[in-house]
Every structure is written in structure tokens, then in C-alpha cells.
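Quick look at target_33.cif (mmCIF, C-alpha atoms):
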data_coords
#
loop_
_atom_site.label_atom_id
_atom_site.label_comp_id
_atom_site.auth_asym_id
_atom_site.auth_seq_id
_atom_site.Cartn_x
_atom_site.Cartn_y
_atom_site.Cartn_z
CA MET A 1 -19.04 186.94 122.90
CA ILE A 2 -22.50 186.02 121.65
CA PRO A 3 -22.49 183.18 119.06
CA SER A 4 -23.28 184.31 115.51
CA TRP A 5 -26.09 181.76 115.12
CA LEU A 6 -27.83 183.27 118.14
CA VAL A 7 -27.59 186.84 116.81
CA ILE A 8 -28.73 185.85 113.31
CA GLY A 9 -31.54 183.71 114.74
CA ALA A 10 -32.70 186.52 117.03
CA VAL A 11 -32.74 189.05 114.18
CA THR A 12 -34.65 186.57 111.99
CA PHE A 13 -37.19 185.98 114.76
CA LEU A 14 -37.65 189.69 115.53
CA ILE A 15 -38.27 190.56 111.89
CA ALA A 16 -40.69 187.67 111.44
CA PHE A 17 -42.46 188.69 114.66
CA GLY A 18 -42.95 192.17 113.21
CA SER A 19 -45.34 190.73 110.64
CA PHE A 20 -47.93 190.14 113.36
CA PHE A 21 -48.83 193.84 113.43
CA ILE A 22 -51.89 193.39 111.22
CA THR A 23 -55.25 194.87 112.08
CA PRO A 24 -58.20 192.46 112.36
CA ARG A 25 -60.05 194.43 109.66
CA ASP A 26 -57.29 193.57 107.20
CA VAL A 27 -57.43 189.89 108.08
CA LYS A 28 -61.19 189.84 107.55
CA TRP A 29 -60.72 191.14 104.00
CA PHE A 30 -58.28 188.33 103.20
CA ALA A 31 -60.40 185.67 104.92
CA ARG A 32 -63.41 186.41 102.72
CA LEU A 33 -61.49 185.89 99.45
CA THR A 34 -62.38 182.87 97.34
CA ARG A 35 -59.58 180.30 97.45
CA PRO A 36 -58.57 177.77 94.79
CA ARG A 37 -59.87 174.27 95.56
CA TRP A 38 -56.35 172.85 95.58
CA LEU A 39 -55.26 175.20 98.39
CA VAL A 40 -55.79 172.54 101.07
CA PHE A 41 -52.37 173.17 102.66
CA GLU A 42 -53.15 176.75 103.74
CA PRO A 43 -53.09 175.89 107.49
CA LEU A 44 -49.50 174.61 107.03
CA ILE A 45 -48.20 177.86 105.51
CA PRO A 46 -46.99 179.37 108.83
CA LEU A 47 -45.07 176.15 109.58
CA ILE A 48 -43.62 176.09 106.06
CA TRP A 49 -42.40 179.68 106.39
CA THR A 50 -40.95 178.94 109.83
CA VAL A 51 -38.84 176.15 108.33
CA ILE A 52 -37.82 178.41 105.43
CA PHE A 53 -36.72 181.19 107.79
CA ILE A 54 -34.74 178.73 109.93
CA CYS A 55 -32.99 177.47 106.78
CA GLY A 56 -32.29 181.08 105.73
CA ALA A 57 -30.84 181.91 109.14
CA ALA A 58 -28.67 178.77 108.99
CA SER A 59 -27.49 179.79 105.52
CA ALA A 60 -26.62 183.29 106.76
CA THR A 61 -24.76 181.81 109.73
CA ILE A 62 -22.65 179.62 107.45
CA VAL A 63 -21.78 182.61 105.27
CA TRP A 64 -20.91 184.68 108.33
CA GLU A 65 -18.70 181.95 109.81
CA LYS A 66 -16.70 181.60 106.58
CA ASN A 67 -15.38 185.17 106.85
CA PRO A 68 -16.74 186.97 109.90
CA SER A 69 -16.86 190.75 109.95
CA SER A 70 -15.47 191.29 106.45
CA MET A 71 -17.10 194.00 104.37
CA MET A 72 -18.34 191.41 101.85
CA THR A 73 -19.87 189.29 104.61
CA TRP A 74 -21.66 192.34 106.03
CA LEU A 75 -23.05 193.00 102.54
CA PHE A 76 -24.32 189.42 102.41
CA MET A 77 -25.92 189.84 105.84
CA GLY A 78 -27.65 192.95 104.50
CA TRP A 79 -28.87 190.94 101.52
CA TYR A 80 -30.26 188.19 103.78
CA LEU A 81 -31.91 190.89 105.88
CA LEU A 82 -33.42 192.58 102.82
CA LEU A 83 -34.75 189.26 101.55
CA GLU A 84 -36.43 188.51 104.87
CA ILE A 85 -37.90 192.00 105.15
CA ILE A 86 -39.31 191.81 101.62
CA THR A 87 -40.73 188.37 102.36
CA ILE A 88 -42.28 189.50 105.63
CA THR A 89 -43.87 192.57 104.04
CA TYR A 90 -45.95 190.37 101.71
CA ILE A 91 -48.85 189.95 104.11
CA PRO A 92 -48.90 193.37 105.85
CA LEU A 93 -48.60 195.35 102.61
CA MET A 94 -51.07 193.19 100.74
CA LEU A 95 -53.58 193.40 103.57
CA ARG A 96 -53.10 197.08 104.32
CA ASN A 97 -53.52 197.95 100.63
CA ARG A 98 -56.20 195.29 100.15
CA SER A 99 -54.43 194.41 96.94
CA LEU A 100 -53.46 190.92 95.84
CA ARG A 101 -51.33 192.42 93.08
CA VAL A 102 -49.09 194.05 95.71
CA GLY A 103 -48.59 190.61 97.26
CA GLU A 104 -47.81 189.05 93.90
CA ILE A 105 -45.19 191.70 93.08
CA ILE A 106 -43.54 191.28 96.48
CA GLY A 107 -43.49 187.50 95.95
CA TRP A 108 -41.72 187.72 92.60
CA VAL A 109 -39.25 190.36 93.83
CA GLY A 110 -38.40 188.06 96.75
CA LEU A 111 -37.85 185.14 94.40
CA ILE A 112 -35.50 187.17 92.18
CA LEU A 113 -33.51 188.38 95.18
CA GLY A 114 -33.42 184.83 96.56
CA VAL A 115 -32.09 183.38 93.31
CA LEU A 116 -29.40 186.07 93.10
CA LEU A 117 -28.44 185.50 96.74
CA ALA A 118 -28.22 181.72 96.26
CA ILE A 119 -25.98 182.17 93.21
CA SER A 120 -23.83 184.72 95.06
CA VAL A 121 -23.20 182.57 98.13
CA LEU A 122 -22.47 179.42 96.12
CA PRO A 123 -18.72 180.19 95.88
CA ILE A 124 -18.66 180.68 99.66
CA SER A 125 -20.58 177.55 100.64
CA TRP A 126 -22.62 175.03 98.70
CA LEU A 127 -24.47 174.22 101.94
CA ALA A 128 -25.47 177.88 102.39
CA THR A 129 -26.93 177.74 98.88
CA VAL A 130 -28.71 174.42 99.51
CA LEU A 131 -30.32 175.92 102.62
CA LEU A 132 -31.87 178.62 100.41
CA ILE A 133 -33.56 176.04 98.17
CA PRO A 134 -36.72 175.81 100.35
CA TYR A 135 -37.20 179.55 99.82
CA LEU A 136 -36.56 179.22 96.09
CA VAL A 137 -39.08 176.36 95.81
CA TRP A 138 -41.79 177.87 98.00
CA SER A 139 -41.67 181.48 96.73
CA PRO A 140 -43.03 180.62 93.27
CA VAL A 141 -45.76 178.54 94.93
CA GLY A 142 -46.78 181.59 96.94
CA ALA A 143 -46.63 183.90 93.92
CA TYR A 144 -48.63 181.43 91.83
CA THR A 145 -51.20 181.04 94.60
CA THR A 146 -51.55 184.81 94.77
CA GLU A 147 -52.07 184.92 91.00
CA GLU A 148 -54.80 182.28 91.36
CA LEU A 149 -56.42 184.38 94.10
CA ILE A 150 -56.37 187.34 91.70
CA GLN A 151 -58.12 185.24 89.04
CA LEU A 152 -60.79 184.15 91.54
CA ASN A 153 -61.15 187.60 93.10
CA PRO A 154 -60.50 190.13 90.30
CA GLU A 155 -62.16 192.94 92.24
CA ASP A 156 -59.42 192.55 94.90
CA ALA A 157 -56.47 192.58 92.53
#
Could you render the structure as C-alpha cells?
Amino acid sequence: MIPSWLVIGAVTFLIAFGSFFITPRDVKWFARLTRPRWLVFEPLIPLIWTVIFICGAASATIVWEKNPSSMMTWLFMGWYLLLEIITITYIPLMLRNRSLRVGEIIGWVGLILGVLLAISVLPISWLATVLLIPYLVWSPVGAYTTEELIQLNPEDA
């Protein structure tokens, strides 16, 4: 039997990999936007999200291992999956629509779902909840950054 961490990790990777289907034209639009001066950490964002997704996959694995294959556990796996899909859609949807507001909405929806997921898995495992904290800390940073981009580039909101 394949270990649960391997299945969850593979699903996480495949979904994250799906975000690379962005046309160069879309990237050029985003690259020309004026950035806030304090956004000096932008090159680290892919690494930050990689760590966050690894933590999320570890959290999901812990939840799965507590009660494998139960209906409730499958619902939690669906919730983790939904959260990752929403998070991953931030860039493609924002770029395809050329709308920073779309990105901001996706960011806040992801944060709300992340908070609800963290609260929901707390009775199952405090460690699973702790592993969601990087997402809960970084999501508002991303949403705030997008709001700042909107202020600096109102024509691209």
C-alpha cells in the first residue's frame, strides 16, 4: 500500500504544478505593475509558498492518519484540496482576467477557508493546526500586498 504522506504530497505537488499554465502575455502584464517599495521579498515568494504547501500537506497527512478512510476524514481531505485549489488559482485567474481585485478576493476567501479549517482540525490534532499557521500568517500578507498593488495601479484593479 502507498503511504498516505506520499499520496497527499503527490496531489499537493500536482495541483501546485498546474499553476504553471500561464501564458507569457499574462506574466508581462503583471511584471509591468508598479510595486510597493517595501516589496523587497518578492523573489522569495515561490519558496515561501513551497514551505506553506509542505506544511499543509503535513497537516493533511496528520489528519488522515488519525482516522484513515472515515467519511469525516475524506471531507477534511476535500477541504484541504479546496483550500489549495483556491490558493493556486490566485495567480492564473488574476493574470488571465488582468484584474488585481480578482486576486485580492481569492486571497481573502483562502484566508477564511484556512481559518475555518485550522479551527476544525484542532480537536483532531493541535500539530495539524500549528502546521496551518504559516498559511494563516502569509495569506493576509498576500492579500494586503495585492491591495497595495491596486492602490498603485488603479487602472488594473
Two-atom distance - atom CA of A:Arg35, atom CA of A:Ile52 (Å): 23.3 Å
Find the distance between atom CA of A:Thr146 and atom CA of A:Glu104 and write it in Å to one decimal. 5.7 Å
Contacts of stretch 133-139 of chain A at 9 Å (all atoms listed in the file; same-chain gap of 5+ positions) as JSON, numbers by chain: {"A": [48, 49, 51, 52, 53, 55, 56, 87, 107, 108, 110, 111, 112, 114, 115, 118, 144]}
Name every residue that the PyMOL selection byres ((chain A and resi 62) around 9) selects in this structure, writing the answer as a PyMOL selection string with chains first and numbers rising. chain A and resi 5+57-61+63-66+124-125+127-128
Run the PyMOL selection byres ((chain A and resi 147) around 12) mentally over the shown coordinates, then write out the matched residues as an mmCIF file with C-alpha atoms, in the coordinates of the input, using the chain letters and numbers from the document.
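Done, and the output landed in expr-v9.cif:
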data_model
loop_
_atom_site.group_PDB
_atom_site.id
_atom_site.type_symbol
_atom_site.label_atom_id
_atom_site.label_comp_id
_atom_site.auth_asym_id
_atom_site.auth_seq_id
_atom_site.Cartn_x
_atom_site.Cartn_y
_atom_site.Cartn_z
ATOM 1 C CA ARG A 35 -59.580 180.300 97.450
ATOM 2 C CA PRO A 36 -58.570 177.770 94.790
ATOM 3 C CA SER A 99 -54.430 194.410 96.940
ATOM 4 C CA LEU A 100 -53.460 190.920 95.840
ATOM 5 C CA ARG A 101 -51.330 192.420 93.080
ATOM 6 C CA VAL A 102 -49.090 194.050 95.710
ATOM 7 C CA GLY A 103 -48.590 190.610 97.260
ATOM 8 C CA GLU A 104 -47.810 189.050 93.900
ATOM 9 C CA ILE A 105 -45.190 191.700 93.080
ATOM 10 C CA ILE A 106 -43.540 191.280 96.480
ATOM 11 C CA GLY A 107 -43.490 187.500 95.950
ATOM 12 C CA TRP A 108 -41.720 187.720 92.600
ATOM 13 C CA PRO A 140 -43.030 180.620 93.270
ATOM 14 C CA VAL A 141 -45.760 178.540 94.930
ATOM 15 C CA GLY A 142 -46.780 181.590 96.940
ATOM 16 C CA ALA A 143 -46.630 183.900 93.920
ATOM 17 C CA TYR A 144 -48.630 181.430 91.830
ATOM 18 C CA THR A 145 -51.200 181.040 94.600
ATOM 19 C CA THR A 146 -51.550 184.810 94.770
ATOM 20 C CA GLU A 148 -54.800 182.280 91.360
ATOM 21 C CA LEU A 149 -56.420 184.380 94.100
ATOM 22 C CA ILE A 150 -56.370 187.340 91.700
ATOM 23 C CA GLN A 151 -58.120 185.240 89.040
ATOM 24 C CA LEU A 152 -60.790 184.150 91.540
ATOM 25 C CA ASN A 153 -61.150 187.600 93.100
ATOM 26 C CA PRO A 154 -60.500 190.130 90.300
ATOM 27 C CA ASP A 156 -59.420 192.550 94.900
ATOM 28 C CA ALA A 157 -56.470 192.580 92.530
#
Find the residues around A:Ala16 up to 9 Å (all atoms listed in the file counted), leave out those fewer than 2 positions away in its own chain, and share them as a PDB file with C-alpha atoms, in the frame of the given file.
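Once everything was written out, this is selection.pdb:
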ATOM      1  CA  VAL A  11     -32.740 189.050 114.180  1.00  0.00           C
ATOM      2  CA  THR A  12     -34.650 186.570 111.990  1.00  0.00           C
ATOM      3  CA  PHE A  13     -37.190 185.980 114.760  1.00  0.00           C
ATOM      4  CA  LEU A  14     -37.650 189.690 115.530  1.00  0.00           C
ATOM      5  CA  GLY A  18     -42.950 192.170 113.210  1.00  0.00           C
ATOM      6  CA  SER A  19     -45.340 190.730 110.640  1.00  0.00           C
ATOM      7  CA  PHE A  20     -47.930 190.140 113.360  1.00  0.00           C
ATOM      8  CA  THR A  50     -40.950 178.940 109.830  1.00  0.00           C
ATOM      9  CA  PHE A  53     -36.720 181.190 107.790  1.00  0.00           C
ATOM     10  CA  GLU A  84     -36.430 188.510 104.870  1.00  0.00           C
ATOM     11  CA  ILE A  85     -37.900 192.000 105.150  1.00  0.00           C
ATOM     12  CA  ILE A  88     -42.280 189.500 105.630  1.00  0.00           C
TER      13      ILE A  88
END
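Computed from the coordinates, the atom CA of A:Thr73 to atom CA of A:Leu122 distance equals 13.3 Å.
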Atoms added to stretch 35-52 of chain A (N, CA, C and O atoms), reported as an mmCIF file, in the frame of the given file:
data_model
loop_
_atom_site.group_PDB
_atom_site.id
_atom_site.type_symbol
_atom_site.label_atom_id
_atom_site.label_comp_id
_atom_site.auth_asym_id
_atom_site.auth_seq_id
_atom_site.Cartn_x
_atom_site.Cartn_y
_atom_site.Cartn_z
ATOM 1 N N ARG A 35 -60.855 181.015 97.577
ATOM 2 C CA ARG A 35 -59.580 180.300 97.450
ATOM 3 C C ARG A 35 -59.685 179.232 96.365
ATOM 4 O O ARG A 35 -60.757 178.679 96.144
ATOM 5 N N PRO A 36 -58.550 178.901 95.720
ATOM 6 C CA PRO A 36 -58.570 177.770 94.790
ATOM 7 C C PRO A 36 -58.868 176.473 95.547
ATOM 8 O O PRO A 36 -58.480 176.320 96.707
ATOM 9 N N ARG A 37 -59.526 175.542 94.906
ATOM 10 C CA ARG A 37 -59.870 174.270 95.560
ATOM 11 C C ARG A 37 -58.642 173.488 96.019
ATOM 12 O O ARG A 37 -58.694 172.785 97.008
ATOM 13 N N TRP A 38 -57.554 173.616 95.271
ATOM 14 C CA TRP A 38 -56.350 172.850 95.580
ATOM 15 C C TRP A 38 -55.571 173.429 96.761
ATOM 16 O O TRP A 38 -54.588 172.845 97.215
ATOM 17 N N LEU A 39 -55.989 174.549 97.298
ATOM 18 C CA LEU A 39 -55.260 175.200 98.390
ATOM 19 C C LEU A 39 -55.639 174.575 99.742
ATOM 20 O O LEU A 39 -56.087 175.234 100.659
ATOM 21 N N VAL A 40 -55.439 173.283 99.851
ATOM 22 C CA VAL A 40 -55.790 172.540 101.070
ATOM 23 C C VAL A 40 -54.689 172.639 102.131
ATOM 24 O O VAL A 40 -54.912 172.324 103.289
ATOM 25 N N PHE A 41 -53.515 173.095 101.743
ATOM 26 C CA PHE A 41 -52.370 173.170 102.660
ATOM 27 C C PHE A 41 -52.254 174.524 103.342
ATOM 28 O O PHE A 41 -51.289 174.776 104.067
ATOM 29 N N GLU A 42 -53.230 175.404 103.172
ATOM 30 C CA GLU A 42 -53.150 176.750 103.740
ATOM 31 C C GLU A 42 -52.850 176.768 105.241
ATOM 32 O O GLU A 42 -52.045 177.584 105.695
ATOM 33 N N PRO A 43 -53.419 175.873 106.058
ATOM 34 C CA PRO A 43 -53.090 175.890 107.490
ATOM 35 C C PRO A 43 -51.608 175.589 107.772
ATOM 36 O O PRO A 43 -51.101 175.942 108.835
ATOM 37 N N LEU A 44 -50.918 174.953 106.829
ATOM 38 C CA LEU A 44 -49.500 174.610 107.030
ATOM 39 C C LEU A 44 -48.555 175.743 106.644
ATOM 40 O O LEU A 44 -47.358 175.656 106.918
ATOM 41 N N ILE A 45 -49.066 176.796 106.017
ATOM 42 C CA ILE A 45 -48.200 177.860 105.510
ATOM 43 C C ILE A 45 -47.343 178.499 106.606
ATOM 44 O O ILE A 45 -46.145 178.690 106.395
ATOM 45 N N PRO A 46 -47.871 178.812 107.791
ATOM 46 C CA PRO A 46 -46.990 179.370 108.830
ATOM 47 C C PRO A 46 -45.842 178.414 109.207
ATOM 48 O O PRO A 46 -44.705 178.854 109.407
ATOM 49 N N LEU A 47 -46.115 177.130 109.280
ATOM 50 C CA LEU A 47 -45.070 176.150 109.580
ATOM 51 C C LEU A 47 -44.039 176.098 108.447
ATOM 52 O O LEU A 47 -42.826 176.053 108.697
ATOM 53 N N ILE A 48 -44.519 176.115 107.222
ATOM 54 C CA ILE A 48 -43.620 176.090 106.060
ATOM 55 C C ILE A 48 -42.690 177.292 106.095
ATOM 56 O O ILE A 48 -41.473 177.156 105.927
ATOM 57 N N TRP A 49 -43.240 178.484 106.340
ATOM 58 C CA TRP A 49 -42.400 179.680 106.390
ATOM 59 C C TRP A 49 -41.445 179.656 107.580
ATOM 60 O O TRP A 49 -40.317 180.148 107.487
ATOM 61 N N THR A 50 -41.854 179.063 108.679
ATOM 62 C CA THR A 50 -40.950 178.940 109.830
ATOM 63 C C THR A 50 -39.729 178.114 109.447
ATOM 64 O O THR A 50 -38.588 178.501 109.728
ATOM 65 N N VAL A 51 -39.957 176.991 108.781
ATOM 66 C CA VAL A 51 -38.840 176.150 108.330
ATOM 67 C C VAL A 51 -37.959 176.918 107.343
ATOM 68 O O VAL A 51 -36.726 176.873 107.422
ATOM 69 N N ILE A 52 -38.583 177.638 106.424
ATOM 70 C CA ILE A 52 -37.820 178.410 105.430
ATOM 71 C C ILE A 52 -36.953 179.459 106.108
ATOM 72 O O ILE A 52 -35.782 179.633 105.755
#
